[in-house]
Each structure stands twice: as C-alpha cells, then as structure tokens.
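Chemist: Quick one: structure below, then a few questions.
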Amino acid sequence: MTDFITVTFTVATFASGVRLATPYLLAALGETLSQRSGVLNLGVDGVMLLGAFFSYWAVLQSDSITIGLLAGIAVGLLMGVVYALVTVVFRAEQGISGIGIFLFGLGISELLFFEWVGTPLPIQSFDKLAIPLLSDIPKVGDMFFNHNLLVYVSMLLVPGLTLLVNRTTFGLNVRAVGETPEAADSLGVSVAWTRASTILIGNALAGLAGAALAIEIGIFQNNITNQIGFIAIALVYFGAWRPTGVLAGSLLYGLVTATVNQWKTAGLVTGAASSFTTMAPAALTIVALIVIARRSAAQPAALTLPFVRGH
Amino acid sequence: MPATAPASSLRVKLARISGVLIGVSAVLLALLIGAAMILGLGANPLEGYKELLAGAFGGTDELAESAAKAMPLLLVGTGICVAFRARVINIGGEGQIIAGGLLSTITALAVPDLPPVILVPLVLFMGLVGGAIWGGIPGALKAYLGVNEILSTIMLNLVAVQLFNYLLRAPLMDPRQIELGTRIPQTERLSENADLPVLIEGTRFHLGVVVALLAAAAAWFFLWRTTTGYRLRAVGASAPAARYAGMPVKRMTMLALTLSGSLCGLAGAALVFGSETHRLQTEGFATGFTGSAGFNGIVAALFGGLHPLFTIPSSFLFGGLLVGANAMQRAIQIPVALVIGLNGLIVVFVVSSNTLRERFARLYRIGMDSREASPTEPHEPRGDGDPAHSSVPDP
C-alpha cells in the first residue's frame, strides 16, 4: 500500500515537473539561439513579464487561450524589435541594456495590471491533451503524454532547434556569426540580419514562456516570473549552448520545483524552513555554473561582442 | 591620471557637454514616453509631472526625503562604478544590500547596549562586511574559477532573499510577535543606540546620507589617486596588458566585486538603522526592504557616466523621481511602477547612445586611438574620469 502511494506520488511529481519546466524551456531555448549568434539577452525576464501580462489580459478579454498565446508571442516580437535596435543597430553593451529591458518589463507589467485589471480575476487554464495510445502507457503516459499542447510544442522545439542550428543554412550562419563574425561578414553573410532574426525568435519564445506561465497559473500577479527569466539564461550555460542540454537543465529545474511543492503540500517542510527549499534552485544553479565554467570552451566566441565592420 | 593637455581643453569641454546633453535627453525622452502612457491611461500627464516635481524637490521636507531615498542609490551606484572600472558587472546589489542589512541587524541584536558613538560605526561597518562577503563570493568565483559574474550575482540575490525570509521568520523574529502569535516576519525594534542620528530636525535627512556622500568621494580618491585603484582600472582597461605589466589581475577582479558589494552592504545597514521603524522586516521579496535600489543604483551610476562624483547628482535625481512618483500616484492614480519602467527605458537609451557619443568624440577627435584599436575594449577615460568619455566595459 505504501509502495502504491509512493509510486503515485512520484508519478504526480514527475508529471508536474515536466509541466513546470515549460516556461524555463521555452525561454532558455530562445536564449540559446540568440547566444549562438553572439547576443546575450539579459532582458528575458522583463519580456516574460510583459508576455505574461498581455496574454493574461488577452484571455480575460477574449476568453480564448489561443489569443492569449498569440498576444504573448506578439509582445515578445515587439520587444525583440526594440532589443535588436539596441544591440545590433546601436551596439549597446548587452550586459546592461538587458537590465534596462528587465526593469521596463517589471514596471510596465505592474502599471498596466493596476490600470487595466485592478482586482485580479482568474482566467481559464490549459486543457489537457492526452496523446492517444502513448498516454495509456502506465506511469510513463501520465508523466509525459498527458499534458497541455504547449508542453509538447516546447519539447518538439528541442529537436527542431537542434536541426535548425546544425542542418540549415540559417543555422550555419547563426553559428558563423556567433563564432567569427568577421569571417561570416567577408563571406557575404549579414551579421546584423542574422543576429536580428535570432533576437526576434528568442524574444518571441520569451513572450510565449511568459504566456505559458500566466495561463498555467491561471492568474497574473506582479513579478509573476520571480526571476525565471534569469534562471533560463543560466540554463543556457548549464546546457552548454545545446538544446538537449537546455532540456535536461529545464527538466531538472521543473522536477526540483515540483518536488519542493509536493513537500510543502505534504507538510514535510513547514514554516521558515520552506525558505531553504525555495532557495534550492538558485543554489543549485551556482553549483552548476561552477562546474560549467570548467568547460567554457563551448561558449560562442563572439558572445556579447558587438560587430563593427573593418575592426 | 594627469589632466588632459591644455590644447584640447575646448574639445574636452565640448565632448563633456555633448555627453551631459545625451544623458539629459535620455531622461527627457523617457519622460515623454511616460507622458504618452499616462495620457493613454486617461490621466493628465502635466498634472502628474507637476505633482512629481513638487513631491520630489518642492520643499525642505521633500528635498530631505529625496536625499534619504538617494542614499542607497548613491552607495550602490558608487559600487557599480568601482566594479565597472575593473570591467566587472555587479547585478548582485539587491543580495548585497540584504547581506549588509542582516549582518548589521544581528550585530545590533547581539550588543545592543554599546554607547551610540561605538555602536553606530560598528553596525555600519558590519553592513560593509556583510556586503563584502556577498560580493566577494562571485568575485572569487569569477577570478579563480571563471564563473560568469552576471549570472552568479543574480543567483546570489535569490539565495539572499530566502536567507532573509528564513532568518526573519525564525531566529531573528521579534519575541513579541511569537508571544502574540501574529508572527509578522520582522525583528524587534533595534537598539536606540544604533539609530542613525537625524541631522536636520524633523526631516528624514540622517547620517546615512552623509556616509554615502563620503563613500562616493572615497571611491573617487581610491580609483584615481591610489596605486591599487590605478591597477584596478588598468585591469579593466585591458586585462592582458595588466597581466603583462605584472599586475595581480585575479586579485583585482575579486577586489572590485568585494568593494562593490561592501558599498551595497553599507547601504543595507544604513537602510535598517536610518529607517523610520528601526527594524528589519520582510514581505517575502527583496524589494520591500531594498526598494529595488540594487537595480536602480545601476541606473544612477550609468546616468552619472560611471563616475562616483557624477553619480551624486544623478542619484539625487533618481531618488527624487522615486519620491515624487508617490506624490504622483496620490494625485492622478498612476502607480509608482511607471517610474521603474521609465528607469529601464533610461538605461536602454543611455547605453544605446554610446555609439552616438563615439561619433561626437570622433567629431572632436578625442579618444580616437584607443577606440579605433578595438571597439570592444573600453578605453581609459582621460582627465579624472570625464563622464563624456566613460564607456561601459563589456562583460
């Protein structure tokens, strides 16, 4: 009997971990692509906040999750245009301009939430979409094949992005621009356009990640991301700039968060001690960063370096 | 650094003026966008900004309040200047403020009966130590293990907030809160002997403001008048060159983040003992205690051209904006969050204007050689860290 409870508990935790990993995964995959082209986007968290607010608001108005998700992507694209201007055209320092984008998203999402919504109303959440046959597999089915559509989309993006980066001309350009922009430029590859497109895709995914978060929770609140965007950036380093590595990191995060939540619900950690479990993901990231620092060779050589022809 | 040759002093002046103009236009542009937003939300931007200005700078009380609000911005901003001169980006201000606040609070709880003349300097010093520890960790990780400091400082912010929450909910909680069972996560009223004295009767202008001003002056002296400061800047200008010249690059990197952290920690101590409640409390997030000073200090430092002395007026301006935003909220019901969003825009505008600034510099033929050599290497500002030339180093 206890065995049965433990197994059910584990399956439930695992399933919730996979679901919780989605916002991390979407944001981190977008960041992976832009970093591969040499652009560090520290503003992910701000874009996620805006994506979360606008999708929440859109669902509130339209009662349609699809419109909510599209709103998240649209806001992400808009912020992508801004960030592309800032980094590619004006060649601003990426470590700092991203903090500006973060503050902008933090302030404006709170402002609009106060002005347009005021009293928080819950919105409908995702419907589950059980995949036929696969979801019937005992345990594994519940863990992986009984989720909402966005979970599958984010998972499919992992092989998708791997193929895009490794097997297409665009991917080749992205890698060339991220490693040796001078060489890419001399071969006629537009460094500016390549970077602008990865920024657009990256920000669209960040906006979608925010939408996924708000719709999953079913409500918006100020600073709803609680720095998920920053953790997503760390996950890119953790995954050594490979989509599969990023997936592993995101799942680990989702699982740690789900386990902590389960412990709290089960009353295993109470009161003040819950601070330590909330701290766990950040502490884990620091350890991971130390381990990863030893193989920093994987980092795109031109990361954070603006490109000026003739230098 | 020796002063610039007299022949080019006019050019320096022109470049300096255009640098200031660009900064001011960044703020004006942000305020203009803010006005459009206020209008879009159906309120009167002119009335809002009038209230904002009056609330920030309209009288002695308002000026004192703005100065008190500027205090943590100036300390964090000065720390940012020190770190950036060594080409290190410190995003960990929030965590370092908390670390300083915690250690100084623990000190005041441990030895509450010391006379004020000893206890006040002691708690401020312990704030410094707390921040130094929280800044030293990412400093050491970067210098000796090559861990990216942007990411490690952000993660340490998250760790600090939870440590803060834990300590205030358990060991440091006010015994009376436990007795009454209300369990508000806050300390007891800390020793009166540790209160930062109010310097202008009836206002919020306390000793912390003066400490912050002294710290900014000290940072300027350290960076431009001492050998260690020179080394630190040399490492920031070009680490390989500094290494070749036999300078301890790793130690300087660690020192930069430690100093930067200690200034933020000092801000934390001054926030606790200069507060009206004289106790440390948490709302679960960092912002309740820090007021996001760890981030807003970056804005102030950038606007001050990453120079400690220019960060003084810049902090006062942004402190005033934050204070005035409260008055605006009361008058036209537009929340303070607007100003945080606009601060973000100012950051984006200021860093985006660097290419524009370079063009001006080229126009006046200043600082050309080093910029042309490599666009990614920050060049050494001429003169005493002239804000017109200061560029933000790449991470």
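Ordering of the structure tokens sets the chain letters (A, B, ...); residue numbers start at 1 within each chain; ligands are numbered from 1 in the order shown.
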Mind listing as a PyMOL selection string which residues of chain A are within 6 Å of chain B, counting only C-alpha atoms?

Modeler: chain A and resi 86+90+92+97+100-101+103-104+107-108+111+272+275+279+282+290+293

Chemist: If you run DSSP on the backbone, which residues of range 36-216 of chain B are alpha helix (DSSP H), as a CSV table (one decimal) with N, CA and C atoms, in the first residue's frame?

Modeler:
```csv
chain,number,residue,atom,x,y,z
B,36,ALA,N,3.1,60.0,-22.6
B,36,ALA,CA,2.2,59.4,-23.6
B,36,ALA,C,1.4,58.2,-23.0
B,37,MET,N,2.1,57.5,-22.1
B,37,MET,CA,1.5,56.4,-21.4
B,37,MET,C,0.4,56.9,-20.5
B,38,ILE,N,0.7,57.9,-19.7
B,38,ILE,CA,-0.2,58.5,-18.8
B,38,ILE,C,-1.5,58.9,-19.5
B,39,LEU,N,-1.2,59.6,-20.6
B,39,LEU,CA,-2.3,60.1,-21.5
B,39,LEU,C,-3.2,58.9,-21.9
B,40,GLY,N,-2.5,57.9,-22.4
B,40,GLY,CA,-3.2,56.7,-22.9
B,40,GLY,C,-4.0,56.0,-21.8
B,45,PRO,N,-0.9,64.0,-17.9
B,45,PRO,CA,0.5,63.9,-17.6
B,45,PRO,C,1.1,65.2,-17.0
B,46,LEU,N,0.6,66.3,-17.5
B,46,LEU,CA,1.2,67.6,-17.0
B,46,LEU,C,0.9,67.7,-15.5
B,47,GLU,N,-0.3,67.4,-15.1
B,47,GLU,CA,-0.6,67.5,-13.6
B,47,GLU,C,0.2,66.5,-12.9
B,48,GLY,N,0.4,65.3,-13.5
B,48,GLY,CA,1.1,64.2,-12.8
B,48,GLY,C,2.6,64.6,-12.6
B,49,TYR,N,3.2,65.1,-13.7
B,49,TYR,CA,4.6,65.5,-13.6
B,49,TYR,C,4.8,66.7,-12.6
B,50,LYS,N,3.8,67.6,-12.6
B,50,LYS,CA,3.9,68.8,-11.7
B,50,LYS,C,3.9,68.2,-10.3
B,51,GLU,N,3.0,67.3,-10.0
B,51,GLU,CA,3.0,66.7,-8.6
B,51,GLU,C,4.3,66.0,-8.3
B,52,LEU,N,4.8,65.3,-9.3
B,52,LEU,CA,6.0,64.5,-9.2
B,52,LEU,C,7.2,65.5,-8.8
B,53,LEU,N,7.3,66.6,-9.5
B,53,LEU,CA,8.4,67.5,-9.2
B,53,LEU,C,8.2,68.2,-7.9
B,54,ALA,N,7.0,68.6,-7.6
B,54,ALA,CA,6.7,69.2,-6.3
B,54,ALA,C,7.0,68.2,-5.1
B,55,GLY,N,6.6,66.9,-5.4
B,55,GLY,CA,6.8,65.9,-4.3
B,55,GLY,C,8.2,65.6,-4.1
B,56,ALA,N,9.0,65.8,-5.2
B,56,ALA,CA,10.5,65.4,-5.1
B,56,ALA,C,11.3,66.6,-4.6
B,57,PHE,N,11.1,67.8,-5.1
B,57,PHE,CA,12.0,68.8,-4.8
B,57,PHE,C,11.3,70.1,-4.3
B,60,THR,N,11.8,71.8,1.8
B,60,THR,CA,12.8,71.2,2.6
B,60,THR,C,12.5,69.7,2.9
B,61,ASP,N,11.3,69.4,3.4
B,61,ASP,CA,10.9,68.0,3.7
B,61,ASP,C,11.1,67.1,2.5
B,62,GLU,N,10.6,67.6,1.3
B,62,GLU,CA,10.7,66.8,0.1
B,62,GLU,C,12.1,66.6,-0.3
B,63,LEU,N,13.0,67.6,-0.2
B,63,LEU,CA,14.4,67.5,-0.6
B,63,LEU,C,15.1,66.5,0.4
B,64,ALA,N,14.7,66.6,1.7
B,64,ALA,CA,15.4,65.7,2.6
B,64,ALA,C,15.0,64.2,2.3
B,65,GLU,N,13.7,64.1,2.0
B,65,GLU,CA,13.1,62.7,1.7
B,65,GLU,C,13.8,62.2,0.4
B,66,SER,N,14.0,63.1,-0.6
B,66,SER,CA,14.7,62.6,-1.8
B,66,SER,C,16.1,62.2,-1.5
B,67,ALA,N,16.8,63.0,-0.6
B,67,ALA,CA,18.2,62.7,-0.3
B,67,ALA,C,18.2,61.3,0.4
B,68,ALA,N,17.3,61.1,1.3
B,68,ALA,CA,17.3,59.8,2.0
B,68,ALA,C,17.0,58.7,1.0
B,69,LYS,N,16.2,58.9,0.0
B,69,LYS,CA,15.9,57.9,-1.0
B,69,LYS,C,17.1,57.7,-1.9
B,70,ALA,N,17.8,58.8,-2.1
B,70,ALA,CA,19.0,58.7,-3.0
B,70,ALA,C,20.2,58.0,-2.3
B,71,MET,N,20.2,57.9,-1.0
B,71,MET,CA,21.3,57.3,-0.2
B,71,MET,C,21.7,55.9,-0.7
B,72,PRO,N,20.7,55.0,-0.7
B,72,PRO,CA,21.1,53.6,-1.2
B,72,PRO,C,21.5,53.6,-2.7
B,73,LEU,N,20.8,54.5,-3.5
B,73,LEU,CA,21.2,54.6,-4.9
B,73,LEU,C,22.6,55.0,-5.1
B,74,LEU,N,23.0,56.0,-4.3
B,74,LEU,CA,24.4,56.5,-4.4
B,74,LEU,C,25.4,55.5,-4.0
B,75,LEU,N,25.1,54.8,-2.9
B,75,LEU,CA,26.1,53.7,-2.4
B,75,LEU,C,26.2,52.6,-3.5
B,76,VAL,N,25.0,52.1,-3.9
B,76,VAL,CA,25.0,51.0,-4.9
B,76,VAL,C,25.7,51.5,-6.2
B,77,GLY,N,25.3,52.7,-6.6
B,77,GLY,CA,25.9,53.3,-7.8
B,77,GLY,C,27.4,53.5,-7.7
B,78,THR,N,27.9,53.9,-6.6
B,78,THR,CA,29.3,54.0,-6.4
B,78,THR,C,30.0,52.6,-6.5
B,79,GLY,N,29.3,51.6,-5.9
B,79,GLY,CA,29.8,50.3,-6.1
B,79,GLY,C,29.8,49.8,-7.5
B,80,ILE,N,28.8,50.2,-8.3
B,80,ILE,CA,28.7,49.8,-9.7
B,80,ILE,C,29.9,50.5,-10.4
B,81,CYS,N,30.2,51.7,-10.1
B,81,CYS,CA,31.3,52.5,-10.7
B,81,CYS,C,32.6,51.7,-10.5
B,82,VAL,N,32.9,51.3,-9.2
B,82,VAL,CA,34.1,50.6,-8.9
B,82,VAL,C,34.2,49.3,-9.7
B,83,ALA,N,33.1,48.6,-9.7
B,83,ALA,CA,33.1,47.3,-10.4
B,83,ALA,C,33.4,47.5,-11.9
B,84,PHE,N,32.6,48.4,-12.5
B,84,PHE,CA,32.7,48.6,-13.9
B,84,PHE,C,34.1,49.1,-14.4
B,85,ARG,N,34.8,49.8,-13.5
B,85,ARG,CA,36.1,50.3,-13.8
B,85,ARG,C,37.1,49.1,-14.0
B,93,GLY,N,23.5,43.8,-6.4
B,93,GLY,CA,23.2,44.8,-5.4
B,93,GLY,C,22.2,44.4,-4.4
B,94,GLU,N,21.1,43.9,-4.9
B,94,GLU,CA,19.9,43.5,-4.0
B,94,GLU,C,20.4,42.5,-2.9
B,95,GLY,N,21.1,41.5,-3.4
B,95,GLY,CA,21.5,40.5,-2.4
B,95,GLY,C,22.6,41.1,-1.4
B,96,GLN,N,23.4,41.9,-1.9
B,96,GLN,CA,24.5,42.5,-1.1
B,96,GLN,C,23.9,43.5,-0.1
B,97,ILE,N,22.8,44.2,-0.5
B,97,ILE,CA,22.1,45.1,0.5
B,97,ILE,C,21.5,44.3,1.6
B,98,ILE,N,20.9,43.2,1.2
B,98,ILE,CA,20.3,42.3,2.2
B,98,ILE,C,21.3,41.7,3.2
B,99,ALA,N,22.5,41.3,2.6
B,99,ALA,CA,23.5,40.7,3.4
B,99,ALA,C,24.0,41.7,4.4
B,100,GLY,N,24.2,43.0,4.0
B,100,GLY,CA,24.7,44.0,4.9
B,100,GLY,C,23.6,44.3,5.9
B,101,GLY,N,22.4,44.4,5.5
B,101,GLY,CA,21.3,44.7,6.4
B,101,GLY,C,21.2,43.6,7.5
B,102,LEU,N,21.3,42.3,7.1
B,102,LEU,CA,21.2,41.2,8.0
B,102,LEU,C,22.4,41.2,9.1
B,103,LEU,N,23.6,41.4,8.6
B,103,LEU,CA,24.7,41.3,9.5
B,103,LEU,C,24.7,42.4,10.5
B,104,SER,N,24.4,43.6,10.0
B,104,SER,CA,24.4,44.8,10.9
B,104,SER,C,23.2,44.6,11.9
B,105,THR,N,22.1,44.0,11.5
B,105,THR,CA,21.0,43.8,12.4
B,105,THR,C,21.4,42.8,13.5
B,106,ILE,N,22.0,41.7,13.1
B,106,ILE,CA,22.5,40.7,14.0
B,106,ILE,C,23.4,41.3,15.0
B,107,THR,N,24.3,42.2,14.6
B,107,THR,CA,25.2,42.9,15.5
B,107,THR,C,24.5,43.7,16.5
B,108,ALA,N,23.5,44.5,16.0
B,108,ALA,CA,22.8,45.4,16.9
B,108,ALA,C,22.0,44.5,17.9
B,109,LEU,N,21.5,43.3,17.5
B,109,LEU,CA,20.8,42.5,18.5
B,109,LEU,C,21.8,41.9,19.5
B,110,ALA,N,23.0,41.6,19.1
B,110,ALA,CA,24.0,40.9,19.9
B,110,ALA,C,24.5,41.9,21.0
B,116,PRO,N,26.2,54.8,21.7
B,116,PRO,CA,25.9,55.2,20.2
B,116,PRO,C,27.2,55.5,19.5
B,117,VAL,N,28.2,56.1,20.2
B,117,VAL,CA,29.4,56.5,19.5
B,117,VAL,C,30.2,55.3,19.0
B,118,ILE,N,30.0,54.2,19.6
B,118,ILE,CA,30.6,52.9,19.2
B,118,ILE,C,29.7,52.1,18.3
B,119,LEU,N,28.4,52.0,18.7
B,119,LEU,CA,27.5,51.1,18.1
B,119,LEU,C,27.2,51.6,16.7
B,120,VAL,N,27.0,52.9,16.4
B,120,VAL,CA,26.6,53.4,15.1
B,120,VAL,C,27.7,53.0,14.1
B,121,PRO,N,29.0,53.4,14.4
B,121,PRO,CA,30.0,53.0,13.4
B,121,PRO,C,30.1,51.5,13.3
B,122,LEU,N,29.9,50.8,14.4
B,122,LEU,CA,30.0,49.3,14.3
B,122,LEU,C,29.0,48.7,13.4
B,123,VAL,N,27.7,49.1,13.5
B,123,VAL,CA,26.7,48.5,12.7
B,123,VAL,C,26.9,48.8,11.2
B,124,LEU,N,27.4,50.1,11.0
B,124,LEU,CA,27.7,50.4,9.6
B,124,LEU,C,28.8,49.6,9.0
B,125,PHE,N,29.9,49.4,9.9
B,125,PHE,CA,31.0,48.6,9.5
B,125,PHE,C,30.6,47.1,9.2
B,126,MET,N,29.7,46.6,10.0
B,126,MET,CA,29.2,45.2,9.8
B,126,MET,C,28.4,45.1,8.5
B,127,GLY,N,27.7,46.2,8.2
B,127,GLY,CA,27.0,46.2,6.9
B,127,GLY,C,28.0,46.1,5.8
B,128,LEU,N,29.0,46.8,5.9
B,128,LEU,CA,30.1,46.8,4.9
B,128,LEU,C,30.7,45.3,4.8
B,129,VAL,N,30.9,44.7,6.0
B,129,VAL,CA,31.4,43.3,6.0
B,129,VAL,C,30.4,42.4,5.3
B,130,GLY,N,29.2,42.5,5.7
B,130,GLY,CA,28.2,41.6,5.1
B,130,GLY,C,28.1,41.7,3.6
B,131,GLY,N,28.1,42.9,3.1
B,131,GLY,CA,28.1,43.1,1.6
B,131,GLY,C,29.4,42.6,1.0
B,132,ALA,N,30.5,42.8,1.7
B,132,ALA,CA,31.8,42.4,1.1
B,132,ALA,C,31.8,40.9,1.0
B,133,ILE,N,31.2,40.2,1.9
B,133,ILE,CA,31.1,38.7,1.8
B,133,ILE,C,30.3,38.3,0.6
B,134,TRP,N,29.1,39.0,0.5
B,134,TRP,CA,28.2,38.6,-0.6
B,134,TRP,C,28.7,39.0,-2.0
B,135,GLY,N,29.6,40.0,-2.0
B,135,GLY,CA,30.2,40.4,-3.3
B,135,GLY,C,31.5,39.6,-3.5
B,136,GLY,N,32.1,39.3,-2.4
B,136,GLY,CA,33.4,38.5,-2.5
B,136,GLY,C,33.2,37.1,-3.1
B,137,ILE,N,32.0,36.5,-2.8
B,137,ILE,CA,31.8,35.2,-3.3
B,137,ILE,C,31.8,35.2,-4.9
B,138,PRO,N,31.0,36.0,-5.5
B,138,PRO,CA,31.0,36.0,-7.0
B,138,PRO,C,32.4,36.5,-7.5
B,139,GLY,N,33.0,37.4,-6.7
B,139,GLY,CA,34.3,37.9,-7.1
B,139,GLY,C,35.3,36.8,-7.2
B,140,ALA,N,35.4,35.9,-6.1
B,140,ALA,CA,36.3,34.8,-6.1
B,140,ALA,C,35.9,33.8,-7.2
B,141,LEU,N,34.6,33.6,-7.4
B,141,LEU,CA,34.2,32.6,-8.4
B,141,LEU,C,34.6,33.0,-9.8
B,142,LYS,N,34.5,34.3,-10.0
B,142,LYS,CA,34.9,34.8,-11.3
B,142,LYS,C,36.4,34.8,-11.5
B,143,ALA,N,37.2,35.3,-10.5
B,143,ALA,CA,38.6,35.4,-10.6
B,143,ALA,C,39.3,34.1,-10.7
B,144,TYR,N,38.9,33.1,-9.9
B,144,TYR,CA,39.6,31.9,-9.8
B,144,TYR,C,39.0,30.7,-10.5
B,145,LEU,N,37.7,30.8,-10.8
B,145,LEU,CA,37.1,29.7,-11.5
B,145,LEU,C,36.4,30.0,-12.8
B,149,GLU,N,30.1,36.5,-13.7
B,149,GLU,CA,29.6,37.2,-12.5
B,149,GLU,C,28.2,37.7,-12.7
B,150,ILE,N,27.7,37.9,-13.9
B,150,ILE,CA,26.3,38.4,-14.1
B,150,ILE,C,25.4,37.3,-13.5
B,151,LEU,N,25.6,36.1,-13.9
B,151,LEU,CA,24.7,35.0,-13.5
B,151,LEU,C,24.9,34.7,-12.0
B,152,SER,N,26.1,34.6,-11.5
B,152,SER,CA,26.3,34.2,-10.1
B,152,SER,C,25.7,35.3,-9.2
B,153,THR,N,25.9,36.6,-9.6
B,153,THR,CA,25.3,37.6,-8.7
B,153,THR,C,23.8,37.6,-8.7
B,154,ILE,N,23.2,37.3,-9.8
B,154,ILE,CA,21.7,37.2,-9.9
B,154,ILE,C,21.2,36.0,-9.0
B,155,MET,N,21.9,34.9,-9.1
B,155,MET,CA,21.6,33.7,-8.3
B,155,MET,C,21.8,34.0,-6.8
B,156,LEU,N,22.8,34.7,-6.5
B,156,LEU,CA,23.1,35.1,-5.1
B,156,LEU,C,22.0,36.0,-4.5
B,157,ASN,N,21.4,36.8,-5.4
B,157,ASN,CA,20.3,37.7,-5.0
B,157,ASN,C,19.2,36.8,-4.5
B,158,LEU,N,18.8,35.7,-5.3
B,158,LEU,CA,17.7,34.8,-4.9
B,158,LEU,C,18.0,34.1,-3.6
B,159,VAL,N,19.3,33.7,-3.5
B,159,VAL,CA,19.7,33.0,-2.2
B,159,VAL,C,19.5,33.9,-1.0
B,160,ALA,N,20.0,35.2,-1.2
B,160,ALA,CA,20.0,36.1,-0.1
B,160,ALA,C,18.5,36.4,0.3
B,161,VAL,N,17.6,36.5,-0.6
B,161,VAL,CA,16.2,36.8,-0.3
B,161,VAL,C,15.7,35.7,0.6
B,162,GLN,N,16.0,34.5,0.2
B,162,GLN,CA,15.4,33.4,1.0
B,162,GLN,C,16.1,33.2,2.4
B,163,LEU,N,17.3,33.5,2.4
B,163,LEU,CA,18.0,33.5,3.7
B,163,LEU,C,17.4,34.6,4.6
B,164,PHE,N,17.1,35.7,4.1
B,164,PHE,CA,16.5,36.9,4.7
B,164,PHE,C,15.1,36.4,5.3
B,165,ASN,N,14.3,35.8,4.4
B,165,ASN,CA,13.0,35.3,4.8
B,165,ASN,C,13.1,34.3,5.9
B,166,TYR,N,14.1,33.4,5.8
B,166,TYR,CA,14.2,32.4,6.9
B,166,TYR,C,14.6,33.0,8.2
B,167,LEU,N,15.6,33.9,8.2
B,167,LEU,CA,16.1,34.5,9.4
B,167,LEU,C,15.0,35.3,10.1
B,168,LEU,N,14.2,36.0,9.3
B,168,LEU,CA,13.2,36.9,10.0
B,168,LEU,C,12.0,36.1,10.4
B,169,ARG,N,11.8,34.9,9.9
B,169,ARG,CA,10.7,34.1,10.3
B,169,ARG,C,11.0,33.2,11.5
B,175,PRO,N,10.5,38.6,19.5
B,175,PRO,CA,9.9,37.7,20.5
B,175,PRO,C,8.4,38.0,20.8
B,176,ARG,N,8.1,39.3,20.7
B,176,ARG,CA,6.7,39.7,20.9
B,176,ARG,C,5.7,39.1,19.9
B,177,GLN,N,6.2,39.1,18.6
B,177,GLN,CA,5.4,38.5,17.5
B,177,GLN,C,5.1,37.0,17.8
B,178,ILE,N,6.1,36.4,18.4
B,178,ILE,CA,5.9,34.9,18.7
B,178,ILE,C,4.9,34.8,19.8
B,179,GLU,N,5.1,35.6,20.9
B,179,GLU,CA,4.3,35.6,22.0
B,179,GLU,C,2.8,35.9,21.6
B,180,LEU,N,2.6,36.9,20.8
B,180,LEU,CA,1.2,37.3,20.4
B,180,LEU,C,0.7,36.3,19.4
B,207,LEU,N,22.2,60.5,9.1
B,207,LEU,CA,23.7,60.3,8.9
B,207,LEU,C,24.0,59.5,7.7
B,208,GLY,N,23.2,58.6,7.3
B,208,GLY,CA,23.4,57.7,6.2
B,208,GLY,C,23.7,58.4,4.9
B,209,VAL,N,23.0,59.6,4.7
B,209,VAL,CA,23.2,60.4,3.5
B,209,VAL,C,24.6,60.9,3.5
B,210,VAL,N,25.1,61.4,4.6
B,210,VAL,CA,26.5,61.9,4.7
B,210,VAL,C,27.5,60.8,4.4
B,211,VAL,N,27.2,59.6,5.0
B,211,VAL,CA,28.1,58.5,4.8
B,211,VAL,C,28.2,58.1,3.4
B,212,ALA,N,27.0,58.2,2.7
B,212,ALA,CA,27.0,57.8,1.2
B,212,ALA,C,27.9,58.8,0.4
B,213,LEU,N,27.7,60.1,0.8
B,213,LEU,CA,28.5,61.2,0.1
B,213,LEU,C,30.0,60.9,0.3
B,214,LEU,N,30.4,60.6,1.6
B,214,LEU,CA,31.8,60.4,1.9
B,214,LEU,C,32.3,59.1,1.1
B,215,ALA,N,31.4,58.1,1.0
B,215,ALA,CA,31.8,56.9,0.3
B,215,ALA,C,32.1,57.2,-1.2
B,216,ALA,N,31.2,58.0,-1.8
B,216,ALA,CA,31.4,58.3,-3.2
B,216,ALA,C,32.8,59.1,-3.4
```

Chemist: Select, from B:Arg359, B:His307, B:Arg189, B:Arg87, the residue with the minimum atom-to-atom distance to Val249 in chain B, counting only C-alpha atoms.

Modeler: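 Once distances to Val249 in chain B are computed over only C-alpha atoms, the minimum belongs to B:Arg87.
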
Chemist: Using CA of Gly320 in chain B and CA of Gly58 in chain B as the two end points, give the distance in Å to one decimal.

Modeler: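 Between these atoms lies a distance of 10.2 Å.
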
Chemist: Between A:Ala258, A:Leu208, A:Val236, A:Ala12, which one has atoms that come closest to Gly76 in chain A, using only C-alpha atoms?

Modeler: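 Between A:Ala258, A:Leu208, A:Val236, A:Ala12, the residue approaching Gly76 in chain A most closely is A:Leu208.
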
Chemist: Got a sec: who's within 8 Å of Ile292 in chain A, counting only C-alpha atoms, leaving out chain neighbours fewer than 5 positions off, as a VMD selection string?

Modeler: chain A and resid 237 to 238 240
